[in-house]
Structure formats: C-alpha cells, structure tokens
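Structure file start_1.pdb (PDB, C-alpha atoms and all ligand atoms) is printed below.
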MODEL        1
ATOM      1  CA  MET S   1       8.229 -16.287   2.006  1.00  0.00           C
ATOM      2  CA  ALA S   2       7.240 -17.345  -1.534  1.00  0.00           C
ATOM      3  CA  ASP S   3       7.041 -14.629  -4.183  1.00  0.00           C
ATOM      4  CA  THR S   4       3.835 -12.635  -3.947  1.00  0.00           C
ATOM      5  CA  LEU S   5       1.961 -10.790  -6.668  1.00  0.00           C
ATOM      6  CA  PHE S   6       3.484  -7.584  -5.333  1.00  0.00           C
ATOM      7  CA  THR S   7       7.016  -9.014  -5.370  1.00  0.00           C
ATOM      8  CA  ARG S   8       6.502  -9.802  -9.045  1.00  0.00           C
ATOM      9  CA  ILE S   9       5.337  -6.217  -9.636  1.00  0.00           C
ATOM     10  CA  ILE S  10       8.349  -4.865  -7.703  1.00  0.00           C
ATOM     11  CA  ASN S  11      10.631  -7.073  -9.849  1.00  0.00           C
ATOM     12  CA  ARG S  12       8.932  -5.801 -13.042  1.00  0.00           C
ATOM     13  CA  GLN S  13       7.726  -9.308 -13.907  1.00  0.00           C
ATOM     14  CA  ILE S  14       4.134  -8.001 -13.965  1.00  0.00           C
ATOM     15  CA  PRO S  15       3.328  -4.493 -15.243  1.00  0.00           C
ATOM     16  CA  ALA S  16       1.847  -1.844 -12.973  1.00  0.00           C
ATOM     17  CA  ASP S  17       1.339   1.909 -12.993  1.00  0.00           C
ATOM     18  CA  ILE S  18       4.139   2.942 -10.629  1.00  0.00           C
ATOM     19  CA  VAL S  19       3.722   6.413  -9.163  1.00  0.00           C
ATOM     20  CA  TYR S  20       6.503   6.376  -6.555  1.00  0.00           C
ATOM     21  CA  GLU S  21       9.571   4.327  -5.749  1.00  0.00           C
ATOM     22  CA  ASP S  22      12.440   4.575  -3.305  1.00  0.00           C
ATOM     23  CA  GLU S  23      14.935   2.101  -1.920  1.00  0.00           C
ATOM     24  CA  LEU S  24      12.411   0.521   0.460  1.00  0.00           C
ATOM     25  CA  CYS S  25       8.996   0.761  -1.141  1.00  0.00           C
ATOM     26  CA  LEU S  26       6.883   1.246  -4.232  1.00  0.00           C
ATOM     27  CA  ALA S  27       3.476   2.844  -4.814  1.00  0.00           C
ATOM     28  CA  ILE S  28       1.259   1.659  -7.658  1.00  0.00           C
ATOM     29  CA  ARG S  29      -2.252   2.467  -8.806  1.00  0.00           C
ATOM     30  CA  ASP S  30      -4.759  -0.170  -7.670  1.00  0.00           C
ATOM     31  CA  ILE S  31      -6.119  -2.198 -10.579  1.00  0.00           C
ATOM     32  CA  ASN S  32      -9.650  -1.941  -9.117  1.00  0.00           C
ATOM     33  CA  PRO S  33      -9.805   1.605  -7.700  1.00  0.00           C
ATOM     34  CA  GLN S  34     -12.295   2.375  -4.931  1.00  0.00           C
ATOM     35  CA  ALA S  35     -11.769   6.137  -5.167  1.00  0.00           C
ATOM     36  CA  PRO S  36     -10.531   8.579  -7.835  1.00  0.00           C
ATOM     37  CA  VAL S  37      -7.057   8.130  -6.335  1.00  0.00           C
ATOM     38  CA  HIS S  38      -6.345   4.625  -5.048  1.00  0.00           C
ATOM     39  CA  LEU S  39      -2.724   3.661  -4.564  1.00  0.00           C
ATOM     40  CA  LEU S  40      -1.064   0.686  -2.934  1.00  0.00           C
ATOM     41  CA  LEU S  41       2.098   1.442  -1.007  1.00  0.00           C
ATOM     42  CA  ILE S  42       4.153  -1.730  -0.790  1.00  0.00           C
ATOM     43  CA  PRO S  43       7.429  -2.455   0.993  1.00  0.00           C
ATOM     44  CA  LYS S  44      10.013  -4.229  -1.152  1.00  0.00           C
ATOM     45  CA  GLN S  45      10.680  -6.522   1.800  1.00  0.00           C
ATOM     46  CA  PRO S  46       7.647  -8.787   1.993  1.00  0.00           C
ATOM     47  CA  ILE S  47       5.829  -9.148   5.313  1.00  0.00           C
ATOM     48  CA  ASP S  48       2.638 -11.153   4.944  1.00  0.00           C
ATOM     49  CA  MET S  49       0.474  -9.094   7.310  1.00  0.00           C
ATOM     50  CA  LEU S  50       0.790  -6.316   9.847  1.00  0.00           C
ATOM     51  CA  SER S  51       0.090  -8.617  12.786  1.00  0.00           C
ATOM     52  CA  ASN S  52       3.196 -10.619  11.844  1.00  0.00           C
ATOM     53  CA  ALA S  53       5.498  -7.583  11.685  1.00  0.00           C
ATOM     54  CA  LYS S  54       8.402  -7.731  14.123  1.00  0.00           C
ATOM     55  CA  PRO S  55      10.197  -5.118  16.198  1.00  0.00           C
ATOM     56  CA  GLU S  56      12.965  -5.038  13.574  1.00  0.00           C
ATOM     57  CA  ASP S  57      10.369  -3.872  11.014  1.00  0.00           C
ATOM     58  CA  GLN S  58       9.770  -0.654  12.978  1.00  0.00           C
ATOM     59  CA  ALA S  59      11.909   1.569  10.749  1.00  0.00           C
ATOM     60  CA  LEU S  60      10.365   0.135   7.585  1.00  0.00           C
ATOM     61  CA  LEU S  61       6.811   0.645   8.855  1.00  0.00           C
ATOM     62  CA  GLY S  62       7.627   4.222   9.847  1.00  0.00           C
ATOM     63  CA  HIS S  63       9.182   4.752   6.433  1.00  0.00           C
ATOM     64  CA  LEU S  64       5.936   3.670   4.787  1.00  0.00           C
ATOM     65  CA  LEU S  65       3.884   6.250   6.702  1.00  0.00           C
ATOM     66  CA  LEU S  66       6.317   9.023   5.894  1.00  0.00           C
ATOM     67  CA  ALA S  67       6.326   7.931   2.249  1.00  0.00           C
ATOM     68  CA  ALA S  68       2.506   8.028   2.226  1.00  0.00           C
ATOM     69  CA  GLY S  69       2.593  11.650   3.344  1.00  0.00           C
ATOM     70  CA  ARG S  70       5.260  12.506   0.759  1.00  0.00           C
ATOM     71  CA  ILE S  71       3.264  10.830  -2.030  1.00  0.00           C
ATOM     72  CA  ALA S  72       0.098  12.650  -0.937  1.00  0.00           C
ATOM     73  CA  ARG S  73       1.917  15.968  -1.145  1.00  0.00           C
ATOM     74  CA  GLN S  74       3.340  15.076  -4.564  1.00  0.00           C
ATOM     75  CA  LEU S  75      -0.125  14.182  -5.884  1.00  0.00           C
ATOM     76  CA  GLY S  76      -1.783  17.213  -4.277  1.00  0.00           C
ATOM     77  CA  ILE S  77      -4.127  15.089  -2.151  1.00  0.00           C
ATOM     78  CA  ASP S  78      -2.487  15.959   1.168  1.00  0.00           C
ATOM     79  CA  GLY S  79      -5.543  17.924   2.316  1.00  0.00           C
ATOM     80  CA  ALA S  80      -7.693  14.790   2.532  1.00  0.00           C
ATOM     81  CA  PHE S  81      -6.780  11.169   2.114  1.00  0.00           C
ATOM     82  CA  ARG S  82      -7.387   7.897   3.905  1.00  0.00           C
ATOM     83  CA  LEU S  83      -4.926   5.097   4.658  1.00  0.00           C
ATOM     84  CA  VAL S  84      -6.189   1.542   5.052  1.00  0.00           C
ATOM     85  CA  VAL S  85      -4.338  -1.623   6.022  1.00  0.00           C
ATOM     86  CA  ASN S  86      -6.385  -4.781   5.769  1.00  0.00           C
ATOM     87  CA  ASN S  87      -5.062  -7.496   8.077  1.00  0.00           C
ATOM     88  CA  GLY S  88      -6.405 -10.990   7.476  1.00  0.00           C
ATOM     89  CA  ALA S  89      -8.922 -12.370   5.002  1.00  0.00           C
ATOM     90  CA  ASP S  90     -11.933 -11.394   7.107  1.00  0.00           C
ATOM     91  CA  SER S  91     -10.830  -7.751   7.041  1.00  0.00           C
ATOM     92  CA  GLY S  92     -10.625  -7.818   3.247  1.00  0.00           C
ATOM     93  CA  GLN S  93      -6.944  -8.663   2.790  1.00  0.00           C
ATOM     94  CA  SER S  94      -6.474 -10.567  -0.460  1.00  0.00           C
ATOM     95  CA  VAL S  95      -2.741 -10.128  -1.137  1.00  0.00           C
ATOM     96  CA  PHE S  96      -0.572 -11.409   1.693  1.00  0.00           C
ATOM     97  CA  HIS S  97       2.256  -8.930   1.227  1.00  0.00           C
ATOM     98  CA  ILE S  98       1.655  -6.006   3.533  1.00  0.00           C
ATOM     99  CA  HIS S  99       0.479  -2.822   1.800  1.00  0.00           C
ATOM    100  CA  ILE S 100      -1.147   0.477   2.662  1.00  0.00           C
ATOM    101  CA  HIS S 101      -4.078   1.621   0.577  1.00  0.00           C
ATOM    102  CA  ILE S 102      -3.942   5.392  -0.080  1.00  0.00           C
ATOM    103  CA  LEU S 103      -7.409   6.625  -1.040  1.00  0.00           C
ATOM    104  CA  ALA S 104      -8.431  10.152  -2.005  1.00  0.00           C
ATOM    105  CA  GLY S 105     -10.606  12.218  -4.306  1.00  0.00           C
ATOM    106  CA  ARG S 106     -14.020  11.629  -2.750  1.00  0.00           C
ATOM    107  CA  ARG S 107     -15.693  11.957   0.628  1.00  0.00           C
ATOM    108  CA  PHE S 108     -15.273   8.973   2.901  1.00  0.00           C
ATOM    109  CA  ARG S 109     -17.814   7.829   5.453  1.00  0.00           C
ATOM    110  CA  TRP S 110     -17.081   7.119   9.065  1.00  0.00           C
ATOM    111  CA  PRO S 111     -17.377   4.520  10.479  1.00  0.00           C
ATOM    112  CA  PRO S 112     -15.913   2.665   7.485  1.00  0.00           C
ATOM    113  CA  GLY S 113     -17.876  -0.242   6.021  1.00  0.00           C
TER
HETATM  114  P1  LIG M   1      -6.136  -6.146  -0.083  1.00  0.00           P
HETATM  115  O1  LIG M   1      -7.475  -6.674  -0.484  1.00  0.00           O
HETATM  116  O2  LIG M   1      -5.136  -7.269   0.094  1.00  0.00           O
HETATM  117  O3  LIG M   1      -6.135  -5.188   1.056  1.00  0.00           O
HETATM  118  O4  LIG M   1      -5.628  -5.263  -1.312  1.00  0.00           O
HETATM  119  C1  LIG M   1      -5.135  -5.837  -2.485  1.00  0.00           C
HETATM  120  C2  LIG M   1      -5.381  -4.860  -3.578  1.00  0.00           C
HETATM  121  O5  LIG M   1      -4.594  -5.247  -4.692  1.00  0.00           O
HETATM  122  C3  LIG M   1      -6.827  -4.793  -4.063  1.00  0.00           C
HETATM  123  O6  LIG M   1      -7.350  -3.486  -3.859  1.00  0.00           O
HETATM  124  C4  LIG M   1      -6.743  -5.167  -5.527  1.00  0.00           C
HETATM  125  O7  LIG M   1      -7.619  -4.413  -6.339  1.00  0.00           O
HETATM  126  C5  LIG M   1      -5.290  -4.901  -5.851  1.00  0.00           C
HETATM  127  N1  LIG M   1      -4.743  -5.729  -6.914  1.00  0.00           N
HETATM  128  C6  LIG M   1      -4.928  -7.072  -7.068  1.00  0.00           C
HETATM  129  N2  LIG M   1      -4.237  -7.511  -8.133  1.00  0.00           N
HETATM  130  C7  LIG M   1      -3.613  -6.417  -8.656  1.00  0.00           C
HETATM  131  C8  LIG M   1      -2.740  -6.249  -9.786  1.00  0.00           C
HETATM  132  O8  LIG M   1      -2.395  -7.171 -10.506  1.00  0.00           O
HETATM  133  N3  LIG M   1      -2.292  -4.986 -10.023  1.00  0.00           N
HETATM  134  C9  LIG M   1      -2.653  -3.916  -9.221  1.00  0.00           C
HETATM  135  N4  LIG M   1      -2.161  -2.721  -9.559  1.00  0.00           N
HETATM  136  N5  LIG M   1      -3.462  -4.057  -8.163  1.00  0.00           N
HETATM  137  C10 LIG M   1      -3.937  -5.292  -7.885  1.00  0.00           C
ENDMDL
END

In structure tokens, what does this structure look like?
Ligand code: 5GP
Amino acid sequence: MADTLFTRIINRQIPADIVYEDELCLAIRDINPQAPVHLLLIPKQPIDMLSNAKPEDQALLGHLLLAAGRIARQLGIDGAFRLVVNNGADSGQSVFHIHIHILAGRRFRWPPG
C-alpha cells in the first residue's frame, strides 16, 4: 500500500497533535473536530478500510478498541464517548488508512446522521 497521510503523520513527516502512542497505534487530534474531543486512533500498520481487514488483523483490531477505552479513561471522557469507523467514500471515509474516530464532550444524536 502506498504511503497514506496517516503513515506520514506516524513517521513524523507531517506534524500532528499526538495524544497517545504505543507499539501498534497512534491517536491524534482531528484537524477538523466535530466535537470538543475528536481524536483519530490509527494503526501503524495501514489497512485501507475495515471491509478489507483480514483474519490476521484480529489482534490489531482488538488492540485498537482496548486502546480507545484506555485513551478515554486517560482523558476523563470514559463516561460518554462515541466511536465511528467510516468505511468507503459514501460513508464519509476520506483517508484510506483505517482509523477510529473517538468523539466526546457533547451530546450525540441517535440515529447518527
Ligand atoms: P474519514 O473521513 O476518513 O473518516 O476521517 C478522516 C479524518 O481525518 C477527518 O475527520 C479529517 O478531518 C481528518 N484529517 C484530514 N487531514 C488531516 C490532517 O492533516 N491532520 C489531522 N490531524 N487530521 C486530518
């Protein structure tokens, strides 16, 4: 897979506000936040979209969810937050390097728009 925007952020070729990092993933503040807290949790191993993830990605995908919970606790938003994964352009995906949006700090409607 060619380098993505997020790979360049992970490699420190493009600056970002990094709030969490471990051996498998990185969380940054979204440049265009849709809530008072809006993070992007990104695996260092690029997968273009969730629907293309493979069985061997199971541990990494589980790691991301556990990391999301850990980050929420660290930021004090663990009482209420929303995770979003856009899959495909029609769902709103614009960066084809899988990522989980972590949103918090306001009330969210259901169903989502
Ligand atoms: P998607 O639309 O693919 O689900 O989410 C991509 C997200 O990346 C968007 O919310 C967008 O605001 C964010 N984004 C795009 N370019 C940059 C950037 O250069 N830096 C950061 N921090 N976020 C970005």

(request) Kindly give the distance, in Å, that separates atom CA of S:Leu83 and atom CA of S:Thr7, rounded to a single decimal. (result)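 Interatomic distance, atom CA of S:Leu83 to atom CA of S:Thr7: 21.0 Å.
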
(request) Could the residues that lie within 6 Å of ligand LIG 1 (chain M), counting only C-alpha atoms and all ligand atoms, be listed as a ChimeraX atom specification? (result) /S:16,28-32,86,92-95

Name the residues that the PyMOL selection byres (((chain S and resi 63-79) around 12) and not hetatm) pulls out of this structure, and write them as a PDB file with C-alpha atoms, keeping the file's coordinate frame.
ATOM      1  CA  ILE S  18       4.139   2.942 -10.629  1.00  0.00           C
ATOM      2  CA  VAL S  19       3.722   6.413  -9.163  1.00  0.00           C
ATOM      3  CA  TYR S  20       6.503   6.376  -6.555  1.00  0.00           C
ATOM      4  CA  GLU S  21       9.571   4.327  -5.749  1.00  0.00           C
ATOM      5  CA  ASP S  22      12.440   4.575  -3.305  1.00  0.00           C
ATOM      6  CA  GLU S  23      14.935   2.101  -1.920  1.00  0.00           C
ATOM      7  CA  LEU S  24      12.411   0.521   0.460  1.00  0.00           C
ATOM      8  CA  CYS S  25       8.996   0.761  -1.141  1.00  0.00           C
ATOM      9  CA  LEU S  26       6.883   1.246  -4.232  1.00  0.00           C
ATOM     10  CA  ALA S  27       3.476   2.844  -4.814  1.00  0.00           C
ATOM     11  CA  ILE S  28       1.259   1.659  -7.658  1.00  0.00           C
ATOM     12  CA  PRO S  36     -10.531   8.579  -7.835  1.00  0.00           C
ATOM     13  CA  VAL S  37      -7.057   8.130  -6.335  1.00  0.00           C
ATOM     14  CA  HIS S  38      -6.345   4.625  -5.048  1.00  0.00           C
ATOM     15  CA  LEU S  39      -2.724   3.661  -4.564  1.00  0.00           C
ATOM     16  CA  LEU S  40      -1.064   0.686  -2.934  1.00  0.00           C
ATOM     17  CA  LEU S  41       2.098   1.442  -1.007  1.00  0.00           C
ATOM     18  CA  ILE S  42       4.153  -1.730  -0.790  1.00  0.00           C
ATOM     19  CA  PRO S  43       7.429  -2.455   0.993  1.00  0.00           C
ATOM     20  CA  LYS S  44      10.013  -4.229  -1.152  1.00  0.00           C
ATOM     21  CA  GLN S  45      10.680  -6.522   1.800  1.00  0.00           C
ATOM     22  CA  ASP S  57      10.369  -3.872  11.014  1.00  0.00           C
ATOM     23  CA  GLN S  58       9.770  -0.654  12.978  1.00  0.00           C
ATOM     24  CA  ALA S  59      11.909   1.569  10.749  1.00  0.00           C
ATOM     25  CA  LEU S  60      10.365   0.135   7.585  1.00  0.00           C
ATOM     26  CA  LEU S  61       6.811   0.645   8.855  1.00  0.00           C
ATOM     27  CA  GLY S  62       7.627   4.222   9.847  1.00  0.00           C
ATOM     28  CA  ALA S  80      -7.693  14.790   2.532  1.00  0.00           C
ATOM     29  CA  PHE S  81      -6.780  11.169   2.114  1.00  0.00           C
ATOM     30  CA  ARG S  82      -7.387   7.897   3.905  1.00  0.00           C
ATOM     31  CA  LEU S  83      -4.926   5.097   4.658  1.00  0.00           C
ATOM     32  CA  VAL S  84      -6.189   1.542   5.052  1.00  0.00           C
ATOM     33  CA  VAL S  85      -4.338  -1.623   6.022  1.00  0.00           C
ATOM     34  CA  ILE S  98       1.655  -6.006   3.533  1.00  0.00           C
ATOM     35  CA  HIS S  99       0.479  -2.822   1.800  1.00  0.00           C
ATOM     36  CA  ILE S 100      -1.147   0.477   2.662  1.00  0.00           C
ATOM     37  CA  HIS S 101      -4.078   1.621   0.577  1.00  0.00           C
ATOM     38  CA  ILE S 102      -3.942   5.392  -0.080  1.00  0.00           C
ATOM     39  CA  LEU S 103      -7.409   6.625  -1.040  1.00  0.00           C
ATOM     40  CA  ALA S 104      -8.431  10.152  -2.005  1.00  0.00           C
ATOM     41  CA  GLY S 105     -10.606  12.218  -4.306  1.00  0.00           C
ATOM     42  CA  ARG S 106     -14.020  11.629  -2.750  1.00  0.00           C
ATOM     43  CA  ARG S 107     -15.693  11.957   0.628  1.00  0.00           C
TER      44      ARG S 107
END

(message) Report, in Å to a single decimal, how far apart atom CA of S:Leu5 and atom CA of S:Gly113 are.
(response)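 For atom CA of S:Gly113 relative to atom CA of S:Leu5, the distance reads 25.8 Å.
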
(request) Please measure the separation of atom CA of S:Glu56 and atom CA of S:Asp90, giving the value in Å to one decimal. (result)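 For atom CA of S:Glu56 relative to atom CA of S:Asp90, the distance reads 26.5 Å.
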
(request) Might you pull out every residue within 9 Å of S:Pro46, with all atoms listed in the file counted and same-chain residues fewer than 6 positions away left off, and present them as JSON, numbers by chain? (result) {"S": [1, 3, 4, 6, 7, 96, 97, 98]}

Show me, as AutoDock Vina command-line options, the centre and edge lengths in Å to one decimal of the axis-aligned box that covers every listed atom of stretch 73-84 of chain S with 4 Å on each side.
--center_x -2.2 --center_y 9.7 --center_z -0.4 --size_x 19.0 --size_y 24.4 --size_z 18.9
